>>> print(open('input22.txt').read())   # compact mmCIF, C-alpha atoms
# COMPACT_ATOMS: atom_id res chain seq x y z
CA MET J 1 -145.10 -0.54 25.05
CA LYS J 2 -142.74 -2.58 22.99
CA ALA J 3 -138.99 -2.69 22.54
CA LYS J 4 -137.93 -3.42 18.97
CA ILE J 5 -134.32 -4.56 18.90
CA ILE J 6 -132.07 -5.25 15.94
CA VAL J 7 -128.83 -7.19 16.51
CA THR J 8 -126.34 -7.34 13.65
CA PRO J 9 -122.90 -8.90 13.21
CA LYS J 10 -120.06 -6.39 13.52
CA LYS J 11 -118.51 -5.34 10.22
CA ALA J 12 -115.23 -7.06 11.07
CA VAL J 13 -116.91 -10.41 11.72
CA LEU J 14 -117.08 -13.06 9.02
CA ASP J 15 -120.66 -13.38 7.81
CA PRO J 16 -120.84 -16.49 5.63
CA GLN J 17 -124.60 -16.57 6.08
CA GLY J 18 -124.82 -13.09 4.57
CA LYS J 19 -122.60 -14.11 1.66
CA THR J 20 -124.70 -17.20 1.01
CA VAL J 21 -127.90 -15.15 0.96
CA ALA J 22 -126.35 -12.60 -1.40
CA SER J 23 -125.29 -15.40 -3.69
CA ALA J 24 -128.76 -16.94 -3.61
CA LEU J 25 -130.36 -13.58 -4.50
CA GLU J 26 -128.04 -13.20 -7.46
CA HIS J 27 -128.79 -16.69 -8.65
CA MET J 28 -132.48 -15.92 -8.45
CA GLY J 29 -131.90 -13.10 -10.92
CA TYR J 30 -131.90 -9.98 -8.73
CA LYS J 31 -129.42 -7.54 -10.26
CA GLY J 32 -127.15 -5.15 -8.41
CA ILE J 33 -127.18 -7.01 -5.11
CA GLY J 34 -124.39 -5.80 -2.81
CA ALA J 35 -123.31 -7.15 0.55
CA VAL J 36 -125.91 -8.88 2.73
CA HIS J 37 -125.70 -9.07 6.51
CA VAL J 38 -127.97 -11.38 8.46
CA GLY J 39 -128.95 -10.28 11.94
CA LYS J 40 -131.62 -10.82 14.53
CA TYR J 41 -134.82 -9.00 15.43
CA LEU J 42 -136.34 -9.16 18.89
CA GLU J 43 -139.65 -7.75 20.13
CA ILE J 44 -140.14 -7.40 23.87
CA GLU J 45 -143.47 -6.32 25.37
CA LEU J 46 -142.99 -3.91 28.25
CA SER J 47 -145.35 -2.90 31.05
CA GLY J 48 -145.99 0.68 32.26
CA THR J 49 -145.46 3.94 30.39
CA ASP J 50 -142.00 5.19 31.44
CA LYS J 51 -140.12 5.07 28.16
CA GLU J 52 -136.91 6.55 29.53
CA ALA J 53 -136.67 4.06 32.40
CA TRP J 54 -137.17 1.22 29.95
CA ARG J 55 -134.62 2.66 27.52
CA LYS J 56 -131.89 2.31 30.12
CA GLN J 57 -132.95 -1.21 31.08
CA ILE J 58 -133.21 -2.42 27.51
CA ASP J 59 -129.81 -0.97 26.70
CA ASP J 60 -128.44 -2.85 29.72
CA ALA J 61 -130.12 -6.09 28.64
CA CYS J 62 -128.83 -5.67 25.09
CA HIS J 63 -125.31 -5.21 26.32
CA LYS J 64 -125.43 -8.04 28.87
CA ILE J 65 -127.35 -10.84 27.19
CA LEU J 66 -129.32 -9.99 24.08
CA SER J 67 -126.16 -9.28 22.10
CA ASN J 68 -122.54 -10.34 22.39
CA PRO J 69 -120.53 -7.10 22.19
CA VAL J 70 -117.49 -9.04 20.92
CA ILE J 71 -119.22 -9.91 17.66
CA GLU J 72 -122.46 -7.93 17.46
CA ASP J 73 -123.85 -4.39 17.38
CA TYR J 74 -127.39 -3.49 18.42
CA ARG J 75 -129.92 -0.71 18.12
CA PHE J 76 -133.46 -0.44 19.43
CA GLU J 77 -136.58 1.65 19.63
CA ILE J 78 -139.19 1.77 22.33
CA GLU J 79 -142.72 2.40 21.11
CA MET M 1 -108.66 -35.31 42.77
CA ASN M 2 -112.29 -34.23 42.66
CA PHE M 3 -113.69 -33.11 39.33
CA ALA M 4 -116.98 -31.37 38.71
CA VAL M 5 -118.55 -31.85 35.29
CA LEU M 6 -121.30 -29.28 34.83
CA GLN M 7 -124.66 -30.26 33.38
CA PHE M 8 -126.94 -27.75 31.69
CA PRO M 9 -130.24 -28.54 30.01
CA ALA M 10 -129.10 -30.15 26.72
CA SER M 11 -125.46 -30.73 27.64
CA ASN M 12 -124.73 -34.09 26.01
CA CYS M 13 -121.03 -34.83 26.51
CA ASP M 14 -121.16 -34.75 30.29
CA GLN M 15 -121.29 -38.55 30.75
CA ASP M 16 -118.29 -39.03 28.44
CA ALA M 17 -116.25 -36.54 30.46
CA VAL M 18 -117.16 -38.22 33.76
CA HIS M 19 -116.33 -41.64 32.26
CA VAL M 20 -112.83 -40.57 31.20
CA LEU M 21 -112.01 -38.87 34.51
CA LYS M 22 -113.44 -41.68 36.64
CA ASN M 23 -113.06 -44.93 34.74
CA VAL M 24 -110.08 -44.23 32.51
CA LEU M 25 -108.04 -41.98 34.79
CA GLY M 26 -109.27 -43.21 38.18
CA HIS M 27 -110.24 -39.92 39.80
CA SER M 28 -113.41 -38.80 41.47
CA ALA M 29 -115.80 -37.02 39.13
CA ARG M 30 -119.39 -35.97 39.63
CA LEU M 31 -122.04 -34.30 37.58
CA VAL M 32 -123.03 -30.88 38.93
CA TRP M 33 -126.48 -29.69 37.84
CA HIS M 34 -126.57 -26.10 36.61
CA LYS M 35 -128.93 -25.03 39.40
CA GLU M 36 -126.47 -25.96 42.16
CA ASN M 37 -124.52 -23.08 43.60
CA SER M 38 -121.52 -24.62 45.29
CA LEU M 39 -118.24 -26.10 44.11
CA ALA M 40 -117.02 -26.87 47.62
CA GLY M 41 -114.46 -29.67 47.67
CA ILE M 42 -113.94 -29.49 43.91
CA ASP M 43 -110.42 -29.32 42.49
CA ALA M 44 -111.23 -28.75 38.84
CA VAL M 45 -114.27 -27.95 36.71
CA VAL M 46 -115.05 -29.34 33.27
CA ILE M 47 -117.76 -27.69 31.19
CA PRO M 48 -118.81 -30.31 28.65
CA GLY M 49 -120.09 -30.16 25.11
CA GLY M 50 -123.67 -30.19 23.89
CA PHE M 51 -126.34 -27.71 22.91
CA SER M 52 -127.14 -26.08 26.25
CA TYR M 53 -130.50 -24.33 26.09
CA GLY M 54 -130.79 -25.47 22.50
CA ASP M 55 -128.19 -22.86 21.50
CA TYR M 56 -131.08 -20.38 21.72
CA LEU M 57 -130.14 -16.71 21.23
CA ARG M 58 -126.45 -17.62 20.82
CA THR M 59 -124.51 -20.74 21.79
CA GLY M 60 -123.71 -20.58 25.48
CA ALA M 61 -125.46 -17.22 25.91
CA ILE M 62 -128.08 -18.44 28.36
CA ALA M 63 -126.02 -21.11 30.14
CA ARG M 64 -123.56 -18.44 31.26
CA PHE M 65 -126.26 -17.03 33.54
CA SER M 66 -127.11 -20.37 35.19
CA PRO M 67 -126.75 -20.31 39.00
CA ILE M 68 -123.68 -22.60 38.99
CA MET M 69 -121.76 -20.13 36.83
CA GLN M 70 -121.46 -17.71 39.74
CA ALA M 71 -119.58 -20.39 41.65
CA VAL M 72 -117.48 -21.06 38.54
CA GLN M 73 -116.57 -17.36 38.24
CA GLN M 74 -115.49 -17.34 41.91
CA PHE M 75 -113.64 -20.65 41.49
CA ALA M 76 -111.74 -19.30 38.50
CA ALA M 77 -111.01 -15.97 40.24
CA ASN M 78 -109.44 -17.99 43.05
CA GLY M 79 -107.16 -19.74 40.57
CA GLY M 80 -109.14 -22.95 40.21
CA PRO M 81 -108.69 -24.72 36.85
CA VAL M 82 -111.65 -24.74 34.45
CA LEU M 83 -111.69 -26.63 31.12
CA GLY M 84 -114.44 -25.90 28.59
CA ILE M 85 -114.99 -28.40 25.77
CA CYS M 86 -116.92 -27.35 22.67
CA ASN M 87 -120.16 -25.84 24.09
CA GLY M 88 -118.14 -25.41 27.30
CA PHE M 89 -115.67 -23.23 25.36
CA GLN M 90 -118.60 -21.22 23.99
CA ILE M 91 -120.03 -20.75 27.49
CA LEU M 92 -116.66 -19.59 28.88
CA CYS M 93 -116.33 -16.98 26.09
CA GLU M 94 -119.89 -15.73 26.67
CA ALA M 95 -119.14 -15.56 30.41
CA GLY M 96 -116.10 -13.41 29.75
CA LEU M 97 -113.80 -16.02 31.34
CA LEU M 98 -112.07 -16.44 27.98
CA PRO M 99 -111.47 -13.79 25.30
CA GLY M 100 -113.11 -13.84 21.89
CA ALA M 101 -116.20 -15.61 20.66
CA LEU M 102 -117.23 -18.68 18.66
CA ILE M 103 -119.37 -18.05 15.60
CA ARG M 104 -120.90 -20.12 12.80
CA ASN M 105 -118.47 -22.28 10.83
CA ARG M 106 -117.32 -20.44 7.75
CA SER M 107 -118.54 -23.26 5.51
CA LEU M 108 -121.95 -23.05 7.24
CA GLN M 109 -121.65 -26.85 7.58
CA PHE M 110 -121.79 -28.82 10.81
CA ARG M 111 -118.42 -30.54 10.78
CA CYS M 112 -118.18 -33.91 12.45
CA GLU M 113 -114.83 -35.59 11.82
CA ASN M 114 -111.36 -36.35 13.15
CA ILE M 115 -108.91 -33.49 12.82
CA PHE M 116 -105.37 -32.65 13.94
CA ILE M 117 -104.41 -29.96 16.40
CA LYS M 118 -100.89 -28.78 17.16
CA THR M 119 -99.98 -27.98 20.75
CA ALA M 120 -98.65 -24.42 20.77
CA THR M 121 -97.20 -24.39 24.28
CA SER M 122 -96.56 -26.81 27.14
CA ASP M 123 -96.81 -23.93 29.58
CA SER M 124 -100.32 -24.43 30.96
CA PRO M 125 -102.19 -26.74 33.35
CA PHE M 126 -103.78 -28.32 30.27
CA THR M 127 -100.67 -28.98 28.17
CA ASN M 128 -97.81 -29.53 30.61
CA LYS M 129 -97.61 -33.23 29.70
CA ILE M 130 -97.71 -32.51 25.97
CA ALA M 131 -94.54 -31.50 24.11
CA GLU M 132 -94.67 -28.16 22.32
CA GLY M 133 -95.46 -28.87 18.68
CA LYS M 134 -97.05 -32.25 19.45
CA ILE M 135 -99.90 -33.10 17.14
CA LEU M 136 -103.06 -34.62 18.60
CA ARG M 137 -105.74 -36.39 16.58
CA VAL M 138 -109.13 -35.60 18.07
CA PRO M 139 -112.73 -35.46 16.83
CA ILE M 140 -114.77 -32.30 16.33
CA ALA M 141 -118.54 -32.07 16.10
CA HIS M 142 -119.75 -28.50 15.80
CA GLY M 143 -121.57 -25.98 13.66
CA GLU M 144 -120.37 -22.88 15.49
CA GLY M 145 -116.69 -23.36 16.16
CA CYS M 146 -115.15 -20.48 14.25
CA TYR M 147 -112.98 -18.60 16.75
CA PHE M 148 -113.17 -14.84 16.39
CA ALA M 149 -111.46 -12.00 18.24
CA ASP M 150 -110.42 -8.53 17.10
CA ASP M 151 -106.83 -7.83 16.02
CA ALA M 152 -105.78 -6.35 19.37
CA THR M 153 -107.02 -9.46 21.20
CA LEU M 154 -105.38 -11.82 18.71
CA ASN M 155 -102.06 -10.02 19.11
CA LYS M 156 -102.35 -10.24 22.87
CA LEU M 157 -103.18 -13.96 22.71
CA GLN M 158 -100.07 -14.60 20.67
CA THR M 159 -97.76 -12.40 22.75
CA ASN M 160 -98.97 -13.99 25.98
CA ARG M 161 -98.87 -17.52 24.52
CA GLN M 162 -102.56 -17.93 25.30
CA VAL M 163 -103.18 -19.93 22.13
CA LEU M 164 -102.95 -23.56 23.27
CA TRP M 165 -103.93 -25.53 20.17
CA GLN M 166 -104.23 -24.79 16.46
CA TYR M 167 -105.75 -26.83 13.64
CA CYS M 168 -103.05 -28.37 11.46
CA THR M 169 -102.44 -31.02 8.80
CA ALA M 170 -101.20 -34.47 9.79
CA ALA M 171 -97.73 -33.11 9.10
CA GLY M 172 -98.24 -30.14 11.41
CA ASP M 173 -98.78 -27.31 8.89
CA LEU M 174 -101.16 -24.59 10.05
CA ALA M 175 -102.76 -24.65 6.61
CA GLU M 176 -106.14 -23.23 5.67
CA THR M 177 -107.13 -26.65 4.34
CA ALA M 178 -106.64 -28.05 7.85
CA ASN M 179 -109.00 -25.47 9.36
CA PRO M 180 -112.46 -27.04 9.65
CA ASN M 181 -114.37 -23.92 10.64
CA GLY M 182 -112.57 -20.72 9.58
CA SER M 183 -111.15 -19.93 13.02
CA LEU M 184 -108.77 -16.99 12.90
CA LEU M 185 -105.13 -18.12 13.15
CA ASN M 186 -106.47 -21.71 13.04
CA ILE M 187 -107.17 -21.37 16.75
CA ALA M 188 -108.73 -24.52 18.24
CA GLY M 189 -108.23 -23.63 21.90
CA VAL M 190 -107.04 -20.80 24.14
CA CYS M 191 -106.47 -20.03 27.81
CA ASN M 192 -106.98 -16.85 29.83
CA GLU M 193 -104.15 -14.55 30.95
CA ALA M 194 -103.90 -16.27 34.33
CA ARG M 195 -103.69 -19.60 32.45
CA ASN M 196 -106.15 -21.39 34.76
CA VAL M 197 -109.14 -21.32 32.39
CA ALA M 198 -109.01 -22.95 28.96
CA GLY M 199 -111.41 -23.89 26.20
CA LEU M 200 -111.14 -25.94 23.03
CA MET M 201 -113.62 -26.90 20.33
CA PRO M 202 -112.40 -30.51 19.74
CA HIS M 203 -113.49 -33.33 22.07
CA PRO M 204 -110.58 -34.87 23.99
CA GLU M 205 -113.05 -36.91 26.08
CA ARG M 206 -113.96 -38.79 22.87
CA ALA M 207 -110.32 -39.64 22.21
CA SER M 208 -109.05 -40.93 25.54
CA GLU M 209 -109.32 -44.67 24.99
CA PRO M 210 -107.72 -46.86 22.30
CA LEU M 211 -111.04 -48.67 22.06
CA LEU M 212 -112.56 -45.54 20.47
CA GLY M 213 -109.81 -45.34 17.88
CA CYS M 214 -107.44 -42.80 19.37
CA ALA M 215 -106.28 -41.83 22.84
CA ASP M 216 -104.44 -38.56 22.07
CA GLY M 217 -106.97 -36.55 24.04
CA LYS M 218 -106.12 -38.23 27.33
CA ALA M 219 -102.92 -36.16 27.67
CA ILE M 220 -105.00 -33.01 28.21
CA PHE M 221 -106.71 -34.52 31.25
CA GLU M 222 -103.43 -36.03 32.44
CA SER M 223 -101.82 -32.58 32.25
CA LEU M 224 -104.59 -31.18 34.44
CA ILE M 225 -104.19 -33.99 36.97
CA GLN M 226 -100.42 -33.47 37.04
CA TRP M 227 -100.88 -29.75 37.62
CA LEU M 228 -103.32 -30.40 40.48
CA GLN M 229 -100.94 -32.90 42.07
CA ASN M 230 -98.02 -30.47 41.80
CA ARG M 231 -100.16 -27.80 43.40
CA SER M 232 -101.08 -30.13 46.29
CA LEU M 233 -97.43 -30.92 46.89
CA ALA M 234 -96.51 -27.24 46.80
CA LYS M 235 -99.23 -26.43 49.34
CA ALA M 236 -98.11 -29.23 51.67
CA ALA M 237 -94.50 -28.08 51.54
>>> encode(input="input22.txt", output="structure tokens")
Amino acid sequence: MKAKIIVTPKKAVLDPQGKTVASALEHMGYKGIGAVHVGKYLEIELSGTDKEAWRKQIDDACHKILSNPVIEDYRFEIE
Amino acid sequence: MNFAVLQFPASNCDQDAVHVLKNVLGHSARLVWHKENSLAGIDAVVIPGGFSYGDYLRTGAIARFSPIMQAVQQFAANGGPVLGICNGFQILCEAGLLPGALIRNRSLQFRCENIFIKTATSDSPFTNKIAEGKILRVPIAHGEGCYFADDATLNKLQTNRQVLWQYCTAAGDLAETANPNGSLLNIAGVCNEARNVAGLMPHPERASEPLLGCADGKAIFESLIQWLQNRSLAKAA
């Protein structure tokens, strides 16, 4: 099994990286580019088959260390 | 007084901090490796700058779980003074010992230069020897020093006078042009509600000797020493 986690900056947080990427896309000629937000993707391989047990643990890990709740949001899937 | 200067893998300003406390200010200071788990006999903790754990995941995110940090949490809960410098400030925010977070500089540049900070209050163990409004010239060297907190937290910081230093011009204006990293309210350093834990992005340990060009930073360490001495006297009384 695998946990696939996406960590993104909260809407209220300044995202100069996102702005820079949006600007670069425009300069490259892509039209109609809106806001860009740069986040993080993590893949964690998990042992066993108990999806629900892992869901709770991954949520805990996301809250405690994999994201900083002051500045980031997260979502994940377990497959 | 006995100071502990923590050392994580890739801390790099630990020796400078020990040098200032020991050789410039004449107190006992020792490096404490992150795997140790006791702060017995220690009067104050300094968490130095650097790139602990390579800034992997987020700056300070992994260091906050090092074994020594449990002792630091206990030390701080018991009222012990803790000063975080640069990466140390980041670690304290990640550890929840200080509010807010430090994110990437708004310019996306690593800024390495001398700047000015204005002392917002003398009412703390870290600023009691610095007049309110006093401007200090200190160096910064960081890529992720933009202080962020939500509006409710920022209001609380201001109401409680928890903002200790703000970036300013040489003349003391809290102008945007004087802000090297986009920090909200030009915040360069804050303390917790109990006022015993503080963090700042600039490096006072690099500005404590005239030989290095400026000694404005020394007053921060002197304030801490004064506070510790006052506390000793109060206990003895």
>>> residues_near_point(input="input22.txt", point="(-110.2, -34.0, 43.6)", cutoff="9 Å", atoms="all atoms listed in the file", output="JSON, numbers by chain")
{"M": [1, 2, 3, 4, 27, 28, 29, 41, 42, 43, 44, 225, 228]}
>>> atom_distance(input="input22.txt", atom1="CA of Glu209 (chain M)", atom2="CA of Asn23 (chain M)")
10.4 Å
>>> residues_near_point(input="input22.txt", point="(-128.9, -5.5, 18.6)", cutoff="7 Å", atoms="only C-alpha atoms", output="PyMOL selection string")
chain J and resi 5-8+62+67+72-76
>>> interface_residues(input="input22.txt", of="chain M", to="chain J", cutoff="9 Å", atoms="all atoms listed in the file", output="ChimeraX atom specification")
/M:57-58,61-62,65,94,99-101,103-108,148-150,182
>>> atom_distance(input="input22.txt", atom1="CA of Gln74 (chain M)", atom2="CA of Gln7 (chain M)")
18.0 Å
>>> atom_distance(input="input22.txt", atom1="CA of Leu46 (chain J)", atom2="CA of Asp59 (chain J)")
13.6 Å
>>> residues_around(input="input22.txt", residues="region 34-39 of chain M", least_positions_apart="2", cutoff="7 Å", atoms="all atoms listed in the file", output="compact mmCIF listing (two decimals) with C-alpha atoms, in the coordinates of the input")
# COMPACT_ATOMS: atom_id res chain seq x y z
CA LEU M 6 -121.30 -29.28 34.83
CA GLN M 7 -124.66 -30.26 33.38
CA PHE M 8 -126.94 -27.75 31.69
CA VAL M 32 -123.03 -30.88 38.93
CA GLY M 41 -114.46 -29.67 47.67
CA ILE M 42 -113.94 -29.49 43.91
CA SER M 66 -127.11 -20.37 35.19
CA PRO M 67 -126.75 -20.31 39.00
CA ILE M 68 -123.68 -22.60 38.99
CA ALA M 71 -119.58 -20.39 41.65
>>> closest_residue(input="input22.txt", among="M:Ala237, M:Ile130, M:Val72, M:Leu92", to="Ile117 (chain M)", atoms="all atoms listed in the file")
M:Ile130
>>> axis_aligned_box(input="input22.txt", around="region 100-111 of chain M", padding_each_side="8 Å", output="JSON")
{"center_x": -117.5, "center_y": -22.2, "center_z": 13.7, "size_x": 24.8, "size_y": 32.7, "size_z": 32.4}
>>> closest_residue(input="input22.txt", among="M:Arg195, M:Arg30, M:Lys134, M:Lys218", to="Pro81 (chain M)", atoms="only C-alpha atoms")
M:Arg195
>>> residues_around(input="input22.txt", residues="region 169-172 of chain M", least_positions_apart="2", cutoff="10 Å", atoms="only C-alpha atoms", output="ChimeraX atom specification")
/M:115-119,133-137,166-167,174-179
>>> residues_around(input="input22.txt", residues="Trp54 (chain J)", least_positions_apart="3", cutoff="12 Å", atoms="only C-alpha atoms", output="number ranges by chain")
J: 1-4, 44-51, 57-62, 76-79
>>> closest_residue(input="input22.txt", among="J:Glu52, J:His63, J:Glu43, J:Ile33", to="Val21 (chain J)", atoms="only C-alpha atoms")
J:Ile33
>>> closest_residue(input="input22.txt", among="M:Leu157, M:Val45, M:Ala131, M:Cys112", to="Glu144 (chain M)", atoms="all atoms listed in the file")
M:Cys112
